[in-house]
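Engineer: For reference, the file run-v8.txt (compact mmCIF, C-alpha atoms) is included below:
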```txt
# COMPACT_ATOMS: atom_id res chain seq x y z
CA MET A 1 -5.62 14.12 -54.36
CA ALA A 2 -6.06 10.42 -53.86
CA THR A 3 -4.43 8.86 -50.84
CA GLU A 4 -4.74 5.17 -51.38
CA PHE A 5 -2.73 2.60 -49.57
CA HIS A 6 -3.11 -1.04 -50.24
CA ASN A 7 -1.69 -2.43 -47.05
CA LEU A 8 -0.13 -1.61 -43.73
CA GLN A 9 3.48 -2.04 -44.85
CA GLU A 10 3.03 0.34 -47.71
CA LEU A 11 1.52 2.85 -45.33
CA ARG A 12 4.46 2.69 -42.96
CA HIS A 13 7.12 2.88 -45.62
CA SER A 14 5.84 5.31 -48.15
CA ALA A 15 3.66 7.69 -46.17
CA SER A 16 4.51 10.55 -43.88
CA LEU A 17 2.60 11.39 -40.78
CA ALA A 18 0.38 14.42 -41.29
CA ASN A 19 -1.62 14.68 -38.11
CA LYS A 20 -2.89 12.77 -35.11
CA VAL A 21 -6.39 12.73 -33.66
CA PHE A 22 -7.02 11.73 -30.05
CA ILE A 23 -10.31 10.15 -28.97
CA GLN A 24 -10.79 10.96 -25.30
CA ARG A 25 -12.31 8.87 -22.56
CA ASP A 26 -16.05 9.03 -22.00
CA TYR A 27 -16.67 9.37 -18.27
CA SER A 28 -20.41 9.98 -18.44
CA GLU A 29 -21.20 6.48 -17.15
CA GLY A 30 -18.55 6.31 -14.47
CA THR A 31 -14.85 5.54 -14.40
CA THR A 32 -15.07 2.26 -16.33
CA CYS A 33 -13.12 2.27 -19.56
CA ARG A 34 -15.15 3.80 -22.39
CA PHE A 35 -14.14 6.04 -25.27
CA GLN A 36 -16.18 8.81 -26.83
CA THR A 37 -17.93 7.82 -30.03
CA LYS A 38 -18.15 11.43 -31.22
CA PHE A 39 -16.81 11.61 -34.77
CA PRO A 40 -13.79 13.96 -34.94
CA SER A 41 -13.90 16.60 -37.69
CA GLU A 42 -10.39 15.80 -38.93
CA LEU A 43 -11.59 12.40 -40.11
CA GLU A 44 -14.59 13.87 -41.98
CA SER A 45 -13.09 13.29 -45.38
CA ARG A 46 -11.17 10.14 -44.56
CA ILE A 47 -13.52 7.52 -43.26
CA GLU A 48 -17.24 6.87 -43.05
CA ARG A 49 -18.79 7.87 -39.77
CA LYS A 50 -20.45 4.52 -39.29
CA LEU A 51 -17.25 2.51 -39.67
CA PHE A 52 -15.47 4.67 -37.13
CA GLU A 53 -18.33 4.51 -34.63
CA ASP A 54 -18.59 0.74 -35.02
CA THR A 55 -14.91 0.35 -34.24
CA VAL A 56 -15.08 2.49 -31.12
CA LYS A 57 -18.29 0.79 -29.95
CA THR A 58 -16.72 -2.65 -30.38
CA LEU A 59 -13.67 -1.52 -28.40
CA ASN A 60 -15.94 -0.18 -25.66
CA ASN A 61 -17.74 -3.53 -25.52
CA TYR A 62 -14.46 -5.39 -25.25
CA TYR A 63 -13.36 -3.18 -22.34
CA THR A 64 -16.67 -3.68 -20.56
CA GLU A 65 -16.24 -7.43 -20.97
CA ALA A 66 -12.70 -7.24 -19.59
CA GLU A 67 -13.70 -5.27 -16.52
CA LYS A 68 -16.86 -7.25 -15.80
CA ILE A 69 -17.10 -8.38 -12.18
CA GLY A 70 -18.94 -11.66 -11.98
CA GLY A 71 -18.62 -15.29 -11.06
CA GLN A 72 -15.54 -16.00 -13.12
CA SER A 73 -13.53 -13.02 -11.92
CA TYR A 74 -14.48 -13.75 -8.31
CA LEU A 75 -13.35 -17.38 -8.57
CA GLU A 76 -10.17 -16.33 -10.33
CA GLY A 77 -9.43 -13.87 -7.54
CA CYS A 78 -10.05 -16.39 -4.77
CA LEU A 79 -7.98 -19.08 -6.46
CA ALA A 80 -5.13 -16.64 -7.05
CA CYS A 81 -5.17 -15.39 -3.46
CA SER A 82 -5.11 -18.91 -2.04
CA THR A 83 -2.00 -19.73 -4.09
CA ALA A 84 -0.28 -16.44 -3.07
CA TYR A 85 -0.76 -15.26 -6.68
CA LEU A 86 1.79 -17.81 -7.88
CA ILE A 87 -0.83 -19.22 -10.23
CA PHE A 88 -0.34 -16.15 -12.42
CA LEU A 89 3.00 -17.62 -13.45
CA CYS A 90 1.07 -20.32 -15.32
CA MET A 91 -2.28 -18.75 -16.03
CA GLU A 92 -3.37 -15.51 -17.66
CA THR A 93 -5.99 -13.34 -16.02
CA ARG A 94 -9.27 -12.79 -17.81
CA TYR A 95 -8.36 -9.11 -18.27
CA GLU A 96 -5.10 -10.03 -20.01
CA LYS A 97 -6.92 -12.47 -22.28
CA VAL A 98 -9.37 -9.78 -23.38
CA LEU A 99 -6.51 -7.30 -23.88
CA LYS A 100 -4.94 -9.77 -26.29
CA LYS A 101 -8.25 -10.06 -28.14
CA ILE A 102 -8.44 -6.27 -28.36
CA SER A 103 -4.93 -6.04 -29.73
CA LYS A 104 -5.77 -8.59 -32.42
CA TYR A 105 -8.98 -6.75 -33.24
CA ILE A 106 -7.17 -3.44 -33.61
CA GLN A 107 -4.58 -5.00 -35.88
CA GLU A 108 -7.32 -6.53 -37.98
CA GLN A 109 -9.17 -3.21 -38.21
CA ASN A 110 -5.96 -1.45 -39.17
CA GLU A 111 -5.29 -3.92 -41.94
CA LYS A 112 -8.77 -4.11 -43.35
CA ILE A 113 -10.32 -0.70 -42.84
CA PHE A 114 -7.95 1.99 -41.63
CA ALA A 115 -4.75 1.42 -43.57
CA PRO A 116 -6.48 1.53 -46.99
CA ARG A 117 -7.72 4.97 -45.98
CA GLY A 118 -4.33 6.19 -44.77
CA LEU A 119 -5.15 5.94 -41.07
CA LEU A 120 -3.69 3.94 -38.20
CA ILE A 121 -5.14 3.24 -34.76
CA THR A 122 -2.80 2.85 -31.79
CA ASP A 123 -3.88 0.44 -29.06
CA PRO A 124 -5.06 2.57 -26.08
CA ILE A 125 -3.06 0.40 -23.66
CA GLU A 126 0.11 1.92 -25.14
CA ARG A 127 -1.12 5.34 -24.04
CA GLY A 128 -2.21 4.24 -20.56
CA MET A 129 -5.89 3.86 -21.57
CA ARG A 130 -6.26 7.63 -21.76
CA VAL A 131 -6.83 8.11 -25.50
CA ILE A 132 -7.27 6.25 -28.76
CA GLU A 133 -4.63 7.75 -31.01
CA ILE A 134 -5.47 7.81 -34.72
CA SER A 135 -2.58 8.75 -36.98
CA ILE A 136 -3.42 10.36 -40.31
CA TYR A 137 -0.93 9.66 -43.06
CA GLU A 138 -0.29 11.51 -46.29
CA ASP A 139 1.20 10.02 -49.40
CA ARG A 140 4.78 11.31 -49.75
CA GLY A 141 4.03 12.41 -53.29
CA SER A 142 1.31 14.82 -52.18
CA SER A 143 1.87 18.43 -51.21
CA GLY A 144 1.42 17.96 -47.50
CA SER A 145 -2.09 19.28 -46.99
CA SER A 146 -3.95 17.15 -44.55
CA SER A 147 -7.39 17.77 -45.92
CA GLY A 148 -7.03 15.98 -49.26
CA SER A 149 -10.06 14.13 -50.47
CA SER A 150 -9.60 10.44 -50.65
CA SER A 151 -11.28 8.05 -52.95
CA VAL A 152 -11.64 4.70 -51.41
CA SER A 153 -11.70 1.82 -53.80
CA GLY A 154 -12.27 -1.77 -52.98
CA SER A 155 -12.82 -1.18 -49.29
CA THR A 156 -14.23 -4.06 -47.36
CA ALA A 157 -16.97 -2.70 -45.18
CA ARG A 158 -17.84 -4.83 -42.14
CA MET B 1 29.09 -6.93 -49.62
CA SER B 2 26.84 -5.01 -47.29
CA ALA B 3 27.21 -5.60 -43.58
CA VAL B 4 23.96 -6.60 -41.94
CA MET B 5 23.46 -4.78 -38.65
CA ILE B 6 21.22 -6.56 -36.25
CA THR B 7 19.87 -3.81 -34.04
CA ARG B 8 18.62 -4.88 -30.66
CA LYS B 9 15.04 -3.85 -30.09
CA VAL B 10 14.84 -1.18 -27.38
CA ARG B 11 12.42 -2.25 -24.66
CA LYS B 12 9.79 0.10 -23.27
CA TRP B 13 11.21 0.02 -19.75
CA GLU B 14 14.57 1.21 -21.05
CA LYS B 15 12.90 4.31 -22.46
CA LEU B 16 10.74 5.13 -19.44
CA PRO B 17 11.65 8.64 -18.31
CA GLY B 18 10.77 8.15 -14.61
CA LYS B 19 13.17 7.47 -11.74
CA ASN B 20 12.64 3.73 -11.47
CA THR B 21 15.20 0.93 -11.37
CA PHE B 22 14.57 -2.21 -13.37
CA CYS B 23 16.00 -5.71 -12.97
CA CYS B 24 15.63 -9.11 -14.62
CA ASP B 25 15.09 -7.72 -18.10
CA GLY B 26 12.25 -5.45 -17.01
CA ARG B 27 10.39 -7.97 -14.89
CA VAL B 28 11.23 -6.13 -11.65
CA MET B 29 10.32 -2.45 -11.27
CA MET B 30 11.23 -0.55 -8.12
CA ALA B 31 11.91 2.96 -6.90
CA ARG B 32 15.47 4.23 -6.63
CA GLN B 33 15.74 4.20 -2.83
CA LYS B 34 15.73 0.57 -1.81
CA GLY B 35 17.40 0.78 1.61
CA VAL B 36 14.22 0.72 3.67
CA PHE B 37 12.90 -2.21 1.63
CA TYR B 38 16.00 -4.24 2.55
CA LEU B 39 15.39 -3.27 6.18
CA THR B 40 11.80 -4.53 5.99
CA LEU B 41 12.96 -7.80 4.46
CA PHE B 42 15.65 -8.21 7.11
CA LEU B 43 13.24 -7.49 9.97
CA ILE B 44 10.61 -9.93 8.77
CA VAL B 45 13.04 -12.73 7.93
CA GLY B 46 15.10 -12.09 11.06
CA THR B 47 12.29 -12.17 13.59
CA CYS B 48 10.59 -15.13 11.93
CA SER B 49 13.79 -17.15 11.90
CA LEU B 50 14.26 -16.41 15.61
CA PHE B 51 10.73 -17.68 16.17
CA PHE B 52 11.36 -20.83 14.16
CA ALA B 53 14.70 -21.48 15.83
CA PHE B 54 13.83 -20.91 19.49
CA GLU B 55 10.11 -21.30 19.99
CA CYS B 56 8.90 -23.76 17.41
CA PRO B 57 10.78 -26.84 18.60
CA TYR B 58 9.21 -26.49 22.05
CA LEU B 59 5.75 -25.65 20.71
CA ALA B 60 5.80 -28.45 18.15
CA VAL B 61 6.53 -31.01 20.83
CA HIS B 62 4.46 -29.70 23.73
CA LEU B 63 1.53 -28.17 21.86
CA SER B 64 1.05 -29.29 18.28
CA PRO B 65 3.15 -29.64 15.10
CA SER B 66 0.58 -27.61 13.18
CA VAL B 67 1.70 -24.44 15.00
CA PRO B 68 5.06 -24.09 13.15
CA VAL B 69 3.53 -25.42 9.93
CA PHE B 70 0.93 -22.66 9.82
CA ALA B 71 3.60 -20.12 10.76
CA ILE B 72 5.75 -21.24 7.82
CA VAL B 73 2.83 -21.01 5.40
CA LEU B 74 1.95 -17.53 6.66
CA PHE B 75 5.59 -16.46 6.50
CA PHE B 76 5.90 -17.52 2.86
CA PHE B 77 2.65 -15.76 2.01
CA VAL B 78 3.92 -12.52 3.61
CA ILE B 79 7.22 -12.67 1.72
CA ALA B 80 5.43 -13.47 -1.56
CA MET B 81 3.10 -10.49 -1.11
CA LEU B 82 5.95 -8.18 -0.15
CA LEU B 83 7.97 -9.14 -3.21
CA ARG B 84 4.95 -8.90 -5.44
CA THR B 85 4.14 -5.39 -4.17
CA SER B 86 7.72 -4.19 -4.40
CA PHE B 87 8.51 -5.60 -7.80
CA SER B 88 5.35 -4.89 -9.77
CA ASP B 89 4.30 -1.86 -11.77
CA PRO B 90 1.93 0.28 -9.67
CA GLY B 91 0.06 1.51 -12.75
CA VAL B 92 2.39 4.09 -14.24
CA LEU B 93 0.76 6.23 -16.91
CA PRO B 94 3.01 6.71 -19.94
CA ARG B 95 3.91 10.33 -20.60
CA ALA B 96 2.36 12.07 -23.57
CA LEU B 97 4.33 11.86 -26.79
CA PRO B 98 5.20 15.25 -28.40
CA GLU B 99 2.21 15.23 -30.76
CA GLU B 100 -0.25 14.58 -27.97
CA ALA B 101 1.41 17.21 -25.75
CA THR B 102 1.06 19.82 -28.51
CA PHE B 103 -2.55 18.82 -29.11
CA ILE B 104 -3.34 19.27 -25.40
CA GLU B 105 -1.51 22.63 -25.27
CA MET B 106 -3.55 23.90 -28.19
CA GLU B 107 -6.73 22.73 -26.49
CA ILE B 108 -5.75 24.56 -23.28
CA GLU B 109 -4.96 27.78 -25.12
CA ALA B 110 -8.26 27.62 -26.93
CA ALA B 111 -10.10 27.09 -23.65
CA ASN B 112 -8.30 29.88 -21.77
CA GLY B 113 -8.57 32.46 -24.52
CA ASN B 114 -6.29 35.49 -24.54
CA VAL B 115 -4.53 36.22 -21.29
CA PRO B 116 -3.34 39.83 -20.95
CA ALA B 117 0.42 40.10 -20.61
CA GLY B 118 1.62 40.21 -17.03
CA GLN B 119 -1.25 38.17 -15.63
CA ARG B 120 -0.77 34.58 -14.54
CA PRO B 121 -2.68 32.18 -16.79
CA PRO B 122 -5.52 30.31 -15.06
CA PRO B 123 -4.70 26.79 -13.75
CA ARG B 124 -4.98 24.08 -16.33
CA ILE B 125 -8.11 22.16 -15.44
CA ARG B 126 -10.43 20.05 -17.51
CA ASN B 127 -13.98 19.61 -16.24
CA VAL B 128 -15.40 16.20 -16.83
CA GLN B 129 -18.83 14.91 -15.92
CA ILE B 130 -18.81 11.53 -14.21
CA ASN B 131 -22.24 10.17 -13.37
CA ASN B 132 -23.78 13.66 -13.08
CA GLN B 133 -20.98 15.05 -10.97
CA ILE B 134 -18.40 17.51 -12.24
CA VAL B 135 -14.87 16.35 -11.53
CA LYS B 136 -11.85 18.56 -12.21
CA LEU B 137 -8.95 16.81 -13.91
CA LYS B 138 -5.62 18.45 -13.19
CA TYR B 139 -2.87 18.90 -15.74
CA CYS B 140 0.52 17.33 -14.98
CA TYR B 141 3.37 19.58 -16.12
CA THR B 142 5.93 16.76 -16.04
CA CYS B 143 3.95 14.13 -17.91
CA LYS B 144 2.06 16.68 -20.04
CA ILE B 145 -1.28 14.93 -19.62
CA PHE B 146 -4.55 15.64 -17.91
CA ARG B 147 -4.52 13.11 -15.11
CA PRO B 148 -7.44 10.64 -15.11
CA PRO B 149 -9.62 10.70 -11.97
CA ARG B 150 -7.74 9.41 -8.90
CA ALA B 151 -4.38 9.50 -10.64
CA SER B 152 -1.55 11.44 -9.04
CA HIS B 153 2.08 12.26 -9.72
CA CYS B 154 4.68 10.62 -7.47
CA SER B 155 7.57 13.02 -7.03
CA ILE B 156 9.89 10.28 -5.77
CA CYS B 157 9.46 8.06 -8.80
CA ASP B 158 8.66 10.98 -11.14
CA ASN B 159 5.70 9.18 -12.73
CA CYS B 160 1.97 9.72 -12.85
CA VAL B 161 0.36 6.66 -11.28
CA ASP B 162 -3.24 5.61 -11.82
CA ARG B 163 -5.28 5.43 -8.57
CA PHE B 164 -2.25 6.56 -6.64
CA ASP B 165 -2.43 5.72 -2.95
CA HIS B 166 1.02 6.64 -1.60
CA HIS B 167 4.70 5.94 -2.11
CA CYS B 168 5.65 3.36 0.48
CA PRO B 169 9.37 3.40 1.38
CA TRP B 170 9.00 0.17 3.39
CA VAL B 171 8.05 -1.58 0.21
CA GLY B 172 10.33 0.44 -2.04
CA ASN B 173 7.63 1.26 -4.59
CA CYS B 174 4.50 3.33 -5.19
CA VAL B 175 1.16 1.80 -4.28
CA GLY B 176 -1.34 2.31 -7.07
CA LYS B 177 -4.01 0.58 -9.07
CA ARG B 178 -2.00 -2.39 -10.27
CA ASN B 179 -0.37 -3.39 -6.99
CA TYR B 180 -2.92 -2.24 -4.42
CA ARG B 181 -4.27 -5.76 -4.02
CA TYR B 182 -0.82 -7.15 -3.18
CA PHE B 183 -0.02 -4.29 -0.80
CA TYR B 184 -3.27 -4.80 1.07
CA MET B 185 -2.70 -8.57 1.33
CA PHE B 186 0.84 -7.85 2.52
CA THR B 187 -0.23 -5.57 5.37
CA LEU B 188 -3.09 -7.89 6.31
CA SER B 189 -1.01 -11.05 6.35
CA LEU B 190 1.88 -9.32 8.10
CA SER B 191 -0.46 -8.18 10.88
CA LEU B 192 -1.76 -11.74 11.16
CA LEU B 193 1.76 -13.11 11.31
CA THR B 194 2.74 -10.58 13.96
CA ILE B 195 -0.28 -11.38 16.14
CA TYR B 196 0.29 -15.11 15.62
CA ILE B 197 3.95 -14.97 16.65
CA PHE B 198 3.19 -12.70 19.59
CA THR B 199 0.45 -15.02 20.82
CA PHE B 200 2.58 -18.11 20.60
CA ASP B 201 5.43 -16.27 22.23
CA ILE B 202 3.27 -15.66 25.26
CA VAL B 203 1.95 -19.23 25.17
CA HIS B 204 5.50 -20.51 25.05
CA VAL B 205 6.67 -18.37 27.98
CA VAL B 206 3.59 -19.28 30.02
CA MET B 207 4.02 -22.98 29.36
CA ARG B 208 7.67 -22.88 30.35
CA SER B 209 6.90 -20.81 33.45
CA VAL B 210 4.34 -23.34 34.56
CA ASP B 211 7.06 -25.95 34.26
CA LYS B 212 10.05 -24.18 35.71
CA GLY B 213 9.07 -20.83 37.15
CA PHE B 214 9.06 -17.44 35.45
CA LEU B 215 12.62 -16.19 36.12
CA ASN B 216 14.19 -19.42 34.93
CA THR B 217 12.10 -19.17 31.78
CA LEU B 218 13.41 -15.70 31.02
CA LYS B 219 16.94 -16.97 31.38
CA GLU B 220 16.34 -19.85 29.01
CA THR B 221 14.50 -18.02 26.22
CA PRO B 222 16.59 -15.10 24.98
CA GLY B 223 14.89 -15.50 21.61
CA THR B 224 11.70 -13.94 22.87
CA TYR B 225 13.21 -10.55 23.73
CA PRO B 226 12.92 -9.02 20.24
CA PHE B 227 9.27 -9.99 20.23
CA ARG B 228 8.45 -7.83 23.21
CA LEU B 229 9.02 -4.73 21.08
CA TRP B 230 8.58 -5.97 17.53
CA PRO B 231 4.78 -6.46 17.29
CA GLN B 232 4.12 -2.87 18.31
CA LYS B 233 6.52 -1.60 15.67
CA GLN B 234 5.00 -3.85 13.00
CA LEU B 235 1.45 -2.73 13.70
CA LEU B 236 2.56 0.90 13.63
CA CYS B 237 3.91 0.82 10.12
CA GLY B 238 1.07 -1.36 8.78
```
Once you've parsed the file, please lay out its structure as structure tokens.
Structural biologist:
Amino acid sequence: MATEFHNLQELRHSASLANKVFIQRDYSEGTTCRFQTKFPSELESRIERKLFEDTVKTLNNYYTEAEKIGGQSYLEGCLACSTAYLIFLCMETRYEKVLKKISKYIQEQNEKIFAPRGLLITDPIERGMRVIEISIYEDRGSSGSSSGSSSVSGSTAR
Amino acid sequence: MSAVMITRKVRKWEKLPGKNTFCCDGRVMMARQKGVFYLTLFLIVGTCSLFFAFECPYLAVHLSPSVPVFAIVLFFFVIAMLLRTSFSDPGVLPRALPEEATFIEMEIEAANGNVPAGQRPPPRIRNVQINNQIVKLKYCYTCKIFRPPRASHCSICDNCVDRFDHHCPWVGNCVGKRNYRYFYMFTLSLSLLTIYIFTFDIVHVVMRSVDKGFLNTLKETPGTYPFRLWPQKQLLCG
């Protein structure tokens, strides 16, 4: 049964949630924010492995960039401390800037890649950076089995 | 004619299940018990205003005007840090939504296998390898999540907090990952302020004694009496 959605709005209005997959944190390299790139079996029939892994790897890179401790973060910290952190009323921290970039990236990925395949990624910050939640949607017309094969037409691969 | 209902969007802080109080449209997040926090504020503002009222005029004239100026700067820094610690989110982890909770339960049952009836099920622990060391992540029954490393559940605020240090009643909030920096700066700057005021107290009394004799000085400076006991108390709770 084909589950094709042409855009995000259509997905939200006409589809029903079938299942959710949770990508856990990858702690093998320490407690910095990384997510496992292991491809979950529930998405086997829904999305190409490479697309999924690329998305998670890009997210991991963004988080590494956000948490990077270097010259800029040191200067930002010193400047903030000397102004009793009042400067954060006017200025955004580097971490917040990268979080905004991540949120835009996730929205973009949802629109271009995931929604046409009946999937939706939730920003990990909404779940306390514990998991990446991927919602699997079924077309309301289908008979509710979550393992329908999907034919993807006109997908824009990155 | 259909009536158009404009529904107000429900903010995340309104839905948070923990025992926090929020003010200023969600900008201020504190614990429920705020009495000790008001006490802290009163003690700091009270003793500093005594210092500024009774000692600073003398010290500004006879020593240097930079003495009260630095004290004012330090005082404002301490208050800013205290308010920042008390009002900011310590790093509360959102509770698992029903789907995630079910997913985790199924995972736990699969890991534990069949438990014979009558026996207590084994504790819910997830082993995770961090840099070649096995760390056990505990399961939180209230939040229905496996707590990340160094996270802990605060029973006073009823939230799991990331990198939980302790719940500080003096500050009226938990101390965790997101406000640790402000808490540390608060205790550091408060200690500095205490030592500074204590030092200049002594300098003030000594200078007056040199002028007029010790007993006369004690009669003329009632403002210094709280400071005999206050620094010890401050350093104790810091």
Engineer: Give me, as JSON lines, each residue of chain B that comes within 10 Å of chain A, together with its shortest interatomic pair and the distance in Å at one decimal, counting all atoms listed in the file, with rows ordered by chain and rising residue number.
Structural biologist:
```
{"residue": "B:Phe76", "atom": "CA", "partner": "A:Ala84", "partner_atom": "CA", "distance": 8.6}
{"residue": "B:Phe77", "atom": "CA", "partner": "A:Ala84", "partner_atom": "CA", "distance": 5.9}
{"residue": "B:Val78", "atom": "CA", "partner": "A:Ala84", "partner_atom": "CA", "distance": 8.8}
{"residue": "B:Ile79", "atom": "CA", "partner": "A:Ala84", "partner_atom": "CA", "distance": 9.7}
{"residue": "B:Ala80", "atom": "CA", "partner": "A:Ala84", "partner_atom": "CA", "distance": 6.6}
{"residue": "B:Met81", "atom": "CA", "partner": "A:Ala84", "partner_atom": "CA", "distance": 7.1}
{"residue": "B:Arg84", "atom": "CA", "partner": "A:Tyr85", "partner_atom": "CA", "distance": 8.6}
{"residue": "B:Gly91", "atom": "CA", "partner": "A:Gly128", "partner_atom": "CA", "distance": 8.6}
{"residue": "B:Val92", "atom": "CA", "partner": "A:Gly128", "partner_atom": "CA", "distance": 7.8}
{"residue": "B:Leu93", "atom": "CA", "partner": "A:Gly128", "partner_atom": "CA", "distance": 5.1}
{"residue": "B:Pro94", "atom": "CA", "partner": "A:Gly128", "partner_atom": "CA", "distance": 5.8}
{"residue": "B:Arg95", "atom": "CA", "partner": "A:Arg127", "partner_atom": "CA", "distance": 7.9}
{"residue": "B:Ala96", "atom": "CA", "partner": "A:Arg127", "partner_atom": "CA", "distance": 7.6}
{"residue": "B:Leu97", "atom": "CA", "partner": "A:Arg127", "partner_atom": "CA", "distance": 8.9}
{"residue": "B:Glu99", "atom": "CA", "partner": "A:Lys20", "partner_atom": "CA", "distance": 7.1}
{"residue": "B:Glu100", "atom": "CA", "partner": "A:Phe22", "partner_atom": "CA", "distance": 7.6}
{"residue": "B:Phe103", "atom": "CA", "partner": "A:Phe22", "partner_atom": "CA", "distance": 8.4}
{"residue": "B:Ile104", "atom": "CA", "partner": "A:Phe22", "partner_atom": "CA", "distance": 9.6}
{"residue": "B:Val128", "atom": "CA", "partner": "A:Tyr27", "partner_atom": "CA", "distance": 7.1}
{"residue": "B:Gln129", "atom": "CA", "partner": "A:Ser28", "partner_atom": "CA", "distance": 5.8}
{"residue": "B:Ile130", "atom": "CA", "partner": "A:Ser28", "partner_atom": "CA", "distance": 4.8}
{"residue": "B:Asn131", "atom": "CA", "partner": "A:Glu29", "partner_atom": "CA", "distance": 5.4}
{"residue": "B:Asn132", "atom": "CA", "partner": "A:Ser28", "partner_atom": "CA", "distance": 7.3}
{"residue": "B:Gln133", "atom": "CA", "partner": "A:Ser28", "partner_atom": "CA", "distance": 9.0}
{"residue": "B:Ile134", "atom": "CA", "partner": "A:Ser28", "partner_atom": "CA", "distance": 10.0}
{"residue": "B:Val135", "atom": "CA", "partner": "A:Tyr27", "partner_atom": "CA", "distance": 9.9}
{"residue": "B:Ile145", "atom": "CA", "partner": "A:Arg130", "partner_atom": "CA", "distance": 9.1}
{"residue": "B:Phe146", "atom": "CA", "partner": "A:Arg130", "partner_atom": "CA", "distance": 9.1}
{"residue": "B:Arg147", "atom": "CA", "partner": "A:Arg130", "partner_atom": "CA", "distance": 8.8}
{"residue": "B:Pro148", "atom": "CA", "partner": "A:Arg130", "partner_atom": "CA", "distance": 7.4}
{"residue": "B:Pro149", "atom": "CA", "partner": "A:Thr31", "partner_atom": "CA", "distance": 7.7}
{"residue": "B:Arg150", "atom": "CA", "partner": "A:Thr31", "partner_atom": "CA", "distance": 9.8}
{"residue": "B:Val161", "atom": "CA", "partner": "A:Gly128", "partner_atom": "CA", "distance": 9.9}
{"residue": "B:Asp162", "atom": "CA", "partner": "A:Gly128", "partner_atom": "CA", "distance": 8.9}
{"residue": "B:Arg181", "atom": "CA", "partner": "A:Cys81", "partner_atom": "CA", "distance": 9.7}
{"residue": "B:Tyr182", "atom": "CA", "partner": "A:Tyr85", "partner_atom": "CA", "distance": 8.8}
{"residue": "B:Met185", "atom": "CA", "partner": "A:Cys81", "partner_atom": "CA", "distance": 8.7}
```
Engineer: What is the distance, in Å and to one decimal place, between CA of Gly71 (chain A) and CA of Thr58 (chain A)?
Structural biologist: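 Value for the CA of Gly71 (chain A)-CA of Thr58 (chain A) distance: 23.2 Å.
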Engineer: Which distance in Å separates CA of Lys12 (chain B) and CA of Asp158 (chain B), to one decimal?
Structural biologist: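 Here the two named atoms are 16.3 Å from each other.
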Engineer: What separation in Å, quoted to one decimal, exists between CA of Phe22 (chain B) and CA of Leu190 (chain B)?
Structural biologist: 25.9 Å
Engineer: Neighbouring residues of Arg94 (chain A) were defined as those with any atom within 8 Å, considering all atoms listed in the file; residues of the same chain fewer than 4 positions away were excluded. Please report them as a PyMOL selection string.
Structural biologist: chain A and resi 66+73+98
Engineer: Convert the current residue selection to file output with C-alpha atoms, as an mmCIF file, in the coordinates of the input.
Structural biologist:
```
data_model
loop_
_atom_site.group_PDB
_atom_site.id
_atom_site.type_symbol
_atom_site.label_atom_id
_atom_site.label_comp_id
_atom_site.auth_asym_id
_atom_site.auth_seq_id
_atom_site.Cartn_x
_atom_site.Cartn_y
_atom_site.Cartn_z
ATOM 1 C CA ALA A 66 -12.700 -7.240 -19.590
ATOM 2 C CA SER A 73 -13.530 -13.020 -11.920
ATOM 3 C CA VAL A 98 -9.370 -9.780 -23.380
#
```
Engineer: Around all the atoms of region 33-51 of chain B listed in the file, draw an axis-aligned box and extend it by 3 Å on each of the six sides; I want its centre and edge lengths in Å to one decimal, as AutoDock Vina command-line options.
Structural biologist:
```
--center_x 14.0 --center_y -6.7 --center_z 6.7 --size_x 12.8 --size_y 27.9 --size_z 25.0
```
Engineer: Which protein, DNA or RNA residues are at most 8 Å from (2.3, 12.8, -3.7) in the file's coordinates when you count all atoms listed in the file, listed as a list in words?
Structural biologist: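 The requested residues, written out, are Ser152, His153, Cys154, Ser155, His166 and His167 of chain B.
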Engineer: Given the choices B:Phe164, B:Thr194, B:Ser86, B:Met30, which gets closest to Leu43 (chain B) if the distance is worked out from only C-alpha atoms?
Structural biologist: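 Of B:Phe164, B:Thr194, B:Ser86, B:Met30, the one nearest Leu43 (chain B), counting only C-alpha atoms, is B:Thr194.
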Engineer: Of the residues B:Cys174, B:Leu218, B:Ala31, B:Ile6, which is the one nearest to His204 (chain B), using all atoms listed in the file?
Structural biologist: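 The closest residue to His204 (chain B) is B:Leu218.
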Engineer: Lys101 (chain A): which residues within 12 Å, counting all atoms listed in the file, same-chain residues fewer than 6 positions away excluded, as a list in words?
Structural biologist: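 Those residues are Thr58, Leu59, Asn61, Tyr62, Tyr63, Glu65, Ala66, Arg94, Tyr95, Gln107, Glu108 and Asp123 of chain A.
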Engineer: What does the file look like for those residues with C-alpha atoms, as a compact mmCIF listing (two decimals), in the coordinates of the input?
Structural biologist:
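Output (part_2.txt):
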```txt
# COMPACT_ATOMS: atom_id res chain seq x y z
CA THR A 58 -16.72 -2.65 -30.38
CA LEU A 59 -13.67 -1.52 -28.40
CA ASN A 61 -17.74 -3.53 -25.52
CA TYR A 62 -14.46 -5.39 -25.25
CA TYR A 63 -13.36 -3.18 -22.34
CA GLU A 65 -16.24 -7.43 -20.97
CA ALA A 66 -12.70 -7.24 -19.59
CA ARG A 94 -9.27 -12.79 -17.81
CA TYR A 95 -8.36 -9.11 -18.27
CA GLN A 107 -4.58 -5.00 -35.88
CA GLU A 108 -7.32 -6.53 -37.98
CA ASP A 123 -3.88 0.44 -29.06
```
Engineer: Write out as a list in words the residues lying within 7 Å of Ile132 (chain A), counting only C-alpha atoms and excluding same-chain residues fewer than 2 positions away.
Structural biologist: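 Selected residues are Phe22, Ile23, Gln24, Thr122, Asp123, Pro124 and Ile134 of chain A.
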